[in-house]
$ cat entry.cif   # mmCIF, C-alpha atoms
data_model
loop_
_atom_site.group_PDB
_atom_site.id
_atom_site.type_symbol
_atom_site.label_atom_id
_atom_site.label_comp_id
_atom_site.auth_asym_id
_atom_site.auth_seq_id
_atom_site.Cartn_x
_atom_site.Cartn_y
_atom_site.Cartn_z
ATOM 1 C CA MET P 11 -61.733 53.085 1.558
ATOM 2 C CA GLU P 12 -64.374 51.253 3.544
ATOM 3 C CA GLU P 13 -64.462 51.291 7.334
ATOM 4 C CA SER P 14 -63.662 47.572 7.455
ATOM 5 C CA GLU P 15 -60.414 48.238 5.517
ATOM 6 C CA ILE P 16 -59.231 50.894 7.950
ATOM 7 C CA LYS P 17 -56.635 49.577 10.385
ATOM 8 C CA ASP P 18 -53.219 50.687 11.610
ATOM 9 C CA ARG P 19 -50.627 50.399 8.831
ATOM 10 C CA LYS P 20 -46.824 50.572 8.806
ATOM 11 C CA ILE P 21 -45.422 52.939 6.171
ATOM 12 C CA PRO P 22 -41.739 53.676 5.398
ATOM 13 C CA CYS P 23 -40.821 57.348 5.787
ATOM 14 C CA LYS P 24 -39.521 58.684 2.472
ATOM 15 C CA THR P 25 -37.002 60.870 4.314
ATOM 16 C CA CYS P 26 -35.459 58.717 7.069
ATOM 17 C CA GLN P 27 -36.572 55.325 5.686
ATOM 18 C CA LYS P 28 -37.847 54.185 9.109
ATOM 19 C CA ASP P 29 -41.290 52.632 9.394
ATOM 20 C CA PHE P 30 -44.005 54.614 11.149
ATOM 21 C CA VAL P 31 -47.592 53.731 11.991
ATOM 22 C CA TRP P 32 -50.426 55.446 10.156
ATOM 23 C CA THR P 33 -53.204 54.900 12.664
ATOM 24 C CA ALA P 34 -56.797 54.045 11.824
ATOM 25 C CA SER P 35 -57.957 57.339 13.362
ATOM 26 C CA GLU P 36 -55.498 59.288 11.177
ATOM 27 C CA GLN P 37 -56.799 57.397 8.136
ATOM 28 C CA ARG P 38 -60.372 58.357 9.038
ATOM 29 C CA TYR P 39 -59.260 61.992 9.393
ATOM 30 C CA TYR P 40 -57.597 61.881 5.944
ATOM 31 C CA GLN P 41 -60.757 60.329 4.485
ATOM 32 C CA LYS P 42 -62.977 62.960 6.134
ATOM 33 C CA LYS P 43 -60.796 65.786 4.745
ATOM 34 C CA GLY P 44 -60.796 64.205 1.269
ATOM 35 C CA PHE P 45 -57.039 63.586 1.162
ATOM 36 C CA LYS P 46 -56.248 60.994 -1.511
ATOM 37 C CA LYS P 47 -52.630 60.136 -0.620
ATOM 38 C CA GLN P 48 -51.220 58.508 2.488
ATOM 39 C CA PRO P 49 -48.591 60.418 4.490
ATOM 40 C CA GLN P 50 -45.058 60.242 3.099
ATOM 41 C CA LYS P 51 -43.073 61.221 6.206
ATOM 42 C CA CYS P 52 -43.054 60.219 9.860
ATOM 43 C CA SER P 53 -44.079 62.835 12.409
ATOM 44 C CA ASP P 54 -40.452 63.630 13.345
ATOM 45 C CA CYS P 55 -39.427 64.265 9.738
ATOM 46 C CA ARG P 56 -42.620 66.261 9.084
ATOM 47 C CA GLU P 57 -41.875 68.445 12.106
ATOM 48 C CA LYS P 58 -38.259 69.025 11.009
ATOM 49 C CA ALA P 59 -39.358 69.758 7.440
ATOM 50 C CA ASN P 60 -41.978 72.272 8.577
ATOM 51 C CA LYS P 61 -39.497 74.061 10.839
ATOM 52 C CA LEU P 62 -36.906 74.285 8.065
ATOM 53 C CA ARG P 63 -39.493 75.378 5.489
ATOM 54 C CA ASN P 64 -40.325 78.304 7.747
ATOM 55 C CA GLU P 65 -36.638 79.240 7.463
ATOM 56 C CA ASN P 66 -36.707 78.681 3.657
ATOM 57 C CA MET P 67 -34.670 75.491 4.055
ATOM 58 C CA PHE P 68 -35.571 71.901 3.164
ATOM 59 C CA TYR P 69 -34.788 68.692 5.052
ATOM 60 C CA ILE P 70 -33.486 65.758 2.972
ATOM 61 C CA HIS P 71 -32.090 62.286 3.477
ATOM 62 C CA CYS P 72 -29.035 61.780 1.230
ATOM 63 C CA GLY P 73 -29.622 59.013 -1.287
ATOM 64 C CA ILE P 74 -25.928 58.090 -1.295
ATOM 65 C CA CYS P 75 -24.492 58.268 2.216
ATOM 66 C CA ASP P 76 -27.789 57.957 4.188
ATOM 67 C CA LYS P 77 -27.092 61.089 6.262
ATOM 68 C CA ASN P 78 -29.703 63.728 6.978
ATOM 69 C CA ALA P 79 -28.980 67.084 5.370
ATOM 70 C CA VAL P 80 -30.492 70.449 4.510
ATOM 71 C CA MET P 81 -30.993 72.119 1.121
ATOM 72 C CA ILE P 82 -31.821 75.721 0.227
ATOM 73 C CA ALA P 83 -34.093 74.559 -2.598
ATOM 74 C CA PRO P 84 -36.882 72.000 -2.602
ATOM 75 C CA PRO P 85 -35.546 68.460 -3.116
ATOM 76 C CA PRO P 86 -36.034 67.147 -6.666
ATOM 77 C CA LYS P 87 -39.088 64.949 -7.049
ATOM 78 C CA ASP P 88 -37.753 63.045 -10.059
ATOM 79 C CA ARG P 89 -34.203 62.450 -8.774
ATOM 80 C CA VAL P 90 -32.419 61.362 -5.621
ATOM 81 C CA ALA P 91 -31.411 64.239 -3.339
ATOM 82 C CA ILE P 92 -27.799 64.237 -2.151
ATOM 83 C CA CYS P 93 -25.996 66.104 0.624
ATOM 84 C CA SER P 94 -23.359 68.758 -0.026
ATOM 85 C CA ASP P 95 -20.513 66.413 1.016
ATOM 86 C CA CYS P 96 -21.494 63.826 -1.611
ATOM 87 C CA TYR P 97 -22.015 66.574 -4.195
ATOM 88 C CA GLU P 98 -18.537 67.990 -3.559
ATOM 89 C CA LYS P 99 -17.044 64.493 -3.787
ATOM 90 C CA PHE P 100 -18.689 63.912 -7.184
ATOM 91 C CA VAL P 101 -17.568 67.306 -8.513
ATOM 92 C CA LYS P 102 -13.982 66.606 -7.446
ATOM 93 C CA GLU P 103 -14.021 63.138 -9.046
ATOM 94 C CA PHE P 104 -15.530 64.568 -12.243
ATOM 95 C CA GLN P 105 -12.877 67.279 -12.476
ATOM 96 C CA GLU P 106 -10.067 64.767 -11.854
ATOM 97 C CA ASN P 107 -11.408 62.401 -14.528
ATOM 98 C CA LYS P 108 -11.834 65.269 -16.990
ATOM 99 C CA ALA P 109 -8.240 66.415 -16.413
ATOM 100 C CA LYS P 110 -6.973 62.876 -17.088
ATOM 101 C CA GLN P 111 -8.885 62.691 -20.375
ATOM 102 C CA GLU P 112 -7.748 66.054 -21.810
ATOM 103 C CA PRO P 113 -4.858 65.713 -24.264
ATOM 104 C CA SER P 114 -1.591 67.295 -23.208
ATOM 105 C CA THR P 115 -0.745 70.503 -25.122
ATOM 106 C CA ASN P 116 2.975 70.122 -24.390
ATOM 107 C CA SER P 117 3.588 67.373 -26.991
ATOM 108 C CA VAL P 118 6.024 68.082 -29.863
#

$ encode --input "entry.cif" --output "structure tokens"
Amino acid sequence: MEESEIKDRKIPCKTCQKDFVWTASEQRYYQKKGFKKQPQKCSDCREKANKLRNENMFYIHCGICDKNAVMIAPPPKDRVAICSDCYEKFVKEFQENKAKQEPSTNSV
């Protein structure tokens, strides 16, 4: 990236979905350090994620209900992360649908 291309840029946070500004000075720092990718999270989400990681927990933004949540494993990179409430809801719905589809063993 050339110096003339470096200017403040708005980027959506992949965790909270809010836009944050990646400043020109931060871009120069990334360039100086040889970082190839732009930041993915805003400073608030990065701070929360780092704090949780120190406690072996991971901060996520649920892809279904839009709530912030915590996981005990790293969020999947190839799938949407969901909170425990949405997970429980899907499990319950799956079990109910499965029970409806099973043939009754009481028929004569």

$ residues_around --input "entry.cif" --residues "stretch 74-85 of chain P" --least-positions-apart "2" --cutoff "12 Å" --atoms "all atoms listed in the file" --output "PyMOL selection string"
chain P and resi 24-28+55+58-59+61-72+87-97+99-100

$ atom_distance --input "entry.cif" --atom1 "atom CA of P:Lys51" --atom2 "atom CA of P:Glu98"
27.3 Å

$ closest_residue --input "entry.cif" --among "P:Cys23, P:Ala109, P:Ile16, P:Ala34" --to "P:Pro49" --atoms "all atoms listed in the file"
P:Cys23

$ residues_around --input "entry.cif" --residues "P:Glu15" --least-positions-apart "4" --cutoff "12 Å" --atoms "only C-alpha atoms" --output "number ranges by chain"
P: 11, 19, 34, 37-38

$ closest_residue --input "entry.cif" --among "P:Asp29, P:Asn107, P:Pro86, P:Glu112" --to "P:Asp54" --atoms "all atoms listed in the file"
P:Asp29

$ atom_distance --input "entry.cif" --atom1 "atom CA of P:Ser35" --atom2 "atom CA of P:Glu57"
19.6 Å

$ residues_around --input "entry.cif" --residues "P:Lys20" --least-positions-apart "6" --cutoff "9 Å" --atoms "only C-alpha atoms" --output "VMD selection string"
chain P and resid 29 to 33

$ atom_distance --input "entry.cif" --atom1 "atom CA of P:Gly73" --atom2 "atom CA of P:Arg56"
18.1 Å

$ build_atoms --input "entry.cif" --residues "stretch 16-52 of chain P" --atoms "N, CA and C atoms" --output "PDB file, in the coordinates of the input"
ATOM      1  N   ILE P  16     -60.045  49.952   7.187  1.00  0.00           N
ATOM      2  CA  ILE P  16     -59.231  50.894   7.950  1.00  0.00           C
ATOM      3  C   ILE P  16     -58.672  50.209   9.192  1.00  0.00           C
ATOM      4  N   LYS P  17     -57.338  50.112   9.231  1.00  0.00           N
ATOM      5  CA  LYS P  17     -56.635  49.577  10.385  1.00  0.00           C
ATOM      6  C   LYS P  17     -55.239  50.190  10.394  1.00  0.00           C
ATOM      7  N   ASP P  18     -54.567  50.133  11.514  1.00  0.00           N
ATOM      8  CA  ASP P  18     -53.219  50.687  11.610  1.00  0.00           C
ATOM      9  C   ASP P  18     -52.331  50.044  10.543  1.00  0.00           C
ATOM     10  N   ARG P  19     -51.516  50.886   9.878  1.00  0.00           N
ATOM     11  CA  ARG P  19     -50.627  50.399   8.831  1.00  0.00           C
ATOM     12  C   ARG P  19     -49.220  50.944   9.039  1.00  0.00           C
ATOM     13  N   LYS P  20     -48.213  50.115   8.767  1.00  0.00           N
ATOM     14  CA  LYS P  20     -46.824  50.572   8.806  1.00  0.00           C
ATOM     15  C   LYS P  20     -46.457  51.109   7.428  1.00  0.00           C
ATOM     16  N   ILE P  21     -45.834  52.293   7.418  1.00  0.00           N
ATOM     17  CA  ILE P  21     -45.422  52.939   6.171  1.00  0.00           C
ATOM     18  C   ILE P  21     -43.967  53.368   6.326  1.00  0.00           C
ATOM     19  N   PRO P  22     -43.117  53.176   5.302  1.00  0.00           N
ATOM     20  CA  PRO P  22     -41.739  53.676   5.398  1.00  0.00           C
ATOM     21  C   PRO P  22     -41.700  55.181   5.132  1.00  0.00           C
ATOM     22  N   CYS P  23     -40.986  55.911   5.970  1.00  0.00           N
ATOM     23  CA  CYS P  23     -40.821  57.348   5.787  1.00  0.00           C
ATOM     24  C   CYS P  23     -39.922  57.584   4.581  1.00  0.00           C
ATOM     25  N   LYS P  24     -40.334  58.469   3.673  1.00  0.00           N
ATOM     26  CA  LYS P  24     -39.521  58.684   2.472  1.00  0.00           C
ATOM     27  C   LYS P  24     -38.260  59.492   2.781  1.00  0.00           C
ATOM     28  N   THR P  25     -38.181  60.089   3.958  1.00  0.00           N
ATOM     29  CA  THR P  25     -37.002  60.870   4.314  1.00  0.00           C
ATOM     30  C   THR P  25     -35.991  60.038   5.099  1.00  0.00           C
ATOM     31  N   CYS P  26     -36.409  59.446   6.214  1.00  0.00           N
ATOM     32  CA  CYS P  26     -35.459  58.717   7.069  1.00  0.00           C
ATOM     33  C   CYS P  26     -35.495  57.210   6.838  1.00  0.00           C
ATOM     34  N   GLN P  27     -36.436  56.737   6.046  1.00  0.00           N
ATOM     35  CA  GLN P  27     -36.572  55.325   5.686  1.00  0.00           C
ATOM     36  C   GLN P  27     -37.048  54.426   6.831  1.00  0.00           C
ATOM     37  N   LYS P  28     -37.349  54.989   7.990  1.00  0.00           N
ATOM     38  CA  LYS P  28     -37.847  54.185   9.109  1.00  0.00           C
ATOM     39  C   LYS P  28     -39.354  54.018   8.979  1.00  0.00           C
ATOM     40  N   ASP P  29     -39.848  52.867   9.418  1.00  0.00           N
ATOM     41  CA  ASP P  29     -41.290  52.632   9.394  1.00  0.00           C
ATOM     42  C   ASP P  29     -41.976  53.444  10.481  1.00  0.00           C
ATOM     43  N   PHE P  30     -43.166  53.958  10.151  1.00  0.00           N
ATOM     44  CA  PHE P  30     -44.005  54.614  11.149  1.00  0.00           C
ATOM     45  C   PHE P  30     -45.430  54.105  10.982  1.00  0.00           C
ATOM     46  N   VAL P  31     -46.223  54.242  12.014  1.00  0.00           N
ATOM     47  CA  VAL P  31     -47.592  53.731  11.991  1.00  0.00           C
ATOM     48  C   VAL P  31     -48.558  54.848  11.591  1.00  0.00           C
ATOM     49  N   TRP P  32     -49.336  54.568  10.566  1.00  0.00           N
ATOM     50  CA  TRP P  32     -50.426  55.446  10.156  1.00  0.00           C
ATOM     51  C   TRP P  32     -51.676  54.855  10.786  1.00  0.00           C
ATOM     52  N   THR P  33     -52.133  55.482  11.862  1.00  0.00           N
ATOM     53  CA  THR P  33     -53.204  54.900  12.664  1.00  0.00           C
ATOM     54  C   THR P  33     -54.549  54.938  11.940  1.00  0.00           C
ATOM     55  N   ALA P  34     -55.446  54.094  12.395  1.00  0.00           N
ATOM     56  CA  ALA P  34     -56.797  54.045  11.824  1.00  0.00           C
ATOM     57  C   ALA P  34     -57.496  55.392  11.997  1.00  0.00           C
ATOM     58  N   SER P  35     -57.299  56.042  13.143  1.00  0.00           N
ATOM     59  CA  SER P  35     -57.957  57.339  13.362  1.00  0.00           C
ATOM     60  C   SER P  35     -57.393  58.405  12.416  1.00  0.00           C
ATOM     61  N   GLU P  36     -56.081  58.352  12.141  1.00  0.00           N
ATOM     62  CA  GLU P  36     -55.498  59.288  11.177  1.00  0.00           C
ATOM     63  C   GLU P  36     -56.057  59.025   9.775  1.00  0.00           C
ATOM     64  N   GLN P  37     -56.243  57.746   9.443  1.00  0.00           N
ATOM     65  CA  GLN P  37     -56.799  57.397   8.136  1.00  0.00           C
ATOM     66  C   GLN P  37     -58.223  57.919   7.995  1.00  0.00           C
ATOM     67  N   ARG P  38     -59.000  57.813   9.066  1.00  0.00           N
ATOM     68  CA  ARG P  38     -60.372  58.357   9.038  1.00  0.00           C
ATOM     69  C   ARG P  38     -60.348  59.873   8.861  1.00  0.00           C
ATOM     70  N   TYR P  39     -59.408  60.542   9.526  1.00  0.00           N
ATOM     71  CA  TYR P  39     -59.260  61.992   9.393  1.00  0.00           C
ATOM     72  C   TYR P  39     -58.929  62.348   7.939  1.00  0.00           C
ATOM     73  N   TYR P  40     -57.966  61.625   7.334  1.00  0.00           N
ATOM     74  CA  TYR P  40     -57.597  61.881   5.944  1.00  0.00           C
ATOM     75  C   TYR P  40     -58.814  61.697   5.037  1.00  0.00           C
ATOM     76  N   GLN P  41     -59.572  60.619   5.286  1.00  0.00           N
ATOM     77  CA  GLN P  41     -60.757  60.329   4.485  1.00  0.00           C
ATOM     78  C   GLN P  41     -61.795  61.448   4.629  1.00  0.00           C
ATOM     79  N   LYS P  42     -62.008  61.892   5.851  1.00  0.00           N
ATOM     80  CA  LYS P  42     -62.977  62.960   6.134  1.00  0.00           C
ATOM     81  C   LYS P  42     -62.593  64.258   5.426  1.00  0.00           C
ATOM     82  N   LYS P  43     -61.287  64.567   5.389  1.00  0.00           N
ATOM     83  CA  LYS P  43     -60.796  65.786   4.745  1.00  0.00           C
ATOM     84  C   LYS P  43     -60.706  65.648   3.224  1.00  0.00           C
ATOM     85  N   GLY P  44     -60.849  64.423   2.711  1.00  0.00           N
ATOM     86  CA  GLY P  44     -60.796  64.205   1.269  1.00  0.00           C
ATOM     87  C   GLY P  44     -59.385  64.049   0.721  1.00  0.00           C
ATOM     88  N   PHE P  45     -58.414  63.797   1.609  1.00  0.00           N
ATOM     89  CA  PHE P  45     -57.039  63.586   1.162  1.00  0.00           C
ATOM     90  C   PHE P  45     -56.954  62.242   0.450  1.00  0.00           C
ATOM     91  N   LYS P  46     -56.329  62.213  -0.703  1.00  0.00           N
ATOM     92  CA  LYS P  46     -56.248  60.994  -1.511  1.00  0.00           C
ATOM     93  C   LYS P  46     -54.990  60.179  -1.232  1.00  0.00           C
ATOM     94  N   LYS P  47     -53.900  60.832  -0.821  1.00  0.00           N
ATOM     95  CA  LYS P  47     -52.630  60.136  -0.620  1.00  0.00           C
ATOM     96  C   LYS P  47     -52.377  59.872   0.854  1.00  0.00           C
ATOM     97  N   GLN P  48     -51.640  58.805   1.118  1.00  0.00           N
ATOM     98  CA  GLN P  48     -51.220  58.508   2.488  1.00  0.00           C
ATOM     99  C   GLN P  48     -50.035  59.403   2.835  1.00  0.00           C
ATOM    100  N   PRO P  49     -49.738  59.586   4.120  1.00  0.00           N
ATOM    101  CA  PRO P  49     -48.591  60.418   4.490  1.00  0.00           C
ATOM    102  C   PRO P  49     -47.286  59.814   3.968  1.00  0.00           C
ATOM    103  N   GLN P  50     -46.339  60.678   3.645  1.00  0.00           N
ATOM    104  CA  GLN P  50     -45.058  60.242   3.099  1.00  0.00           C
ATOM    105  C   GLN P  50     -43.946  60.252   4.141  1.00  0.00           C
ATOM    106  N   LYS P  51     -44.126  61.055   5.204  1.00  0.00           N
ATOM    107  CA  LYS P  51     -43.073  61.221   6.206  1.00  0.00           C
ATOM    108  C   LYS P  51     -43.602  60.911   7.595  1.00  0.00           C
ATOM    109  N   CYS P  52     -42.692  60.440   8.458  1.00  0.00           N
ATOM    110  CA  CYS P  52     -43.054  60.219   9.860  1.00  0.00           C
ATOM    111  C   CYS P  52     -43.238  61.575  10.542  1.00  0.00           C
TER     112      CYS P  52
END
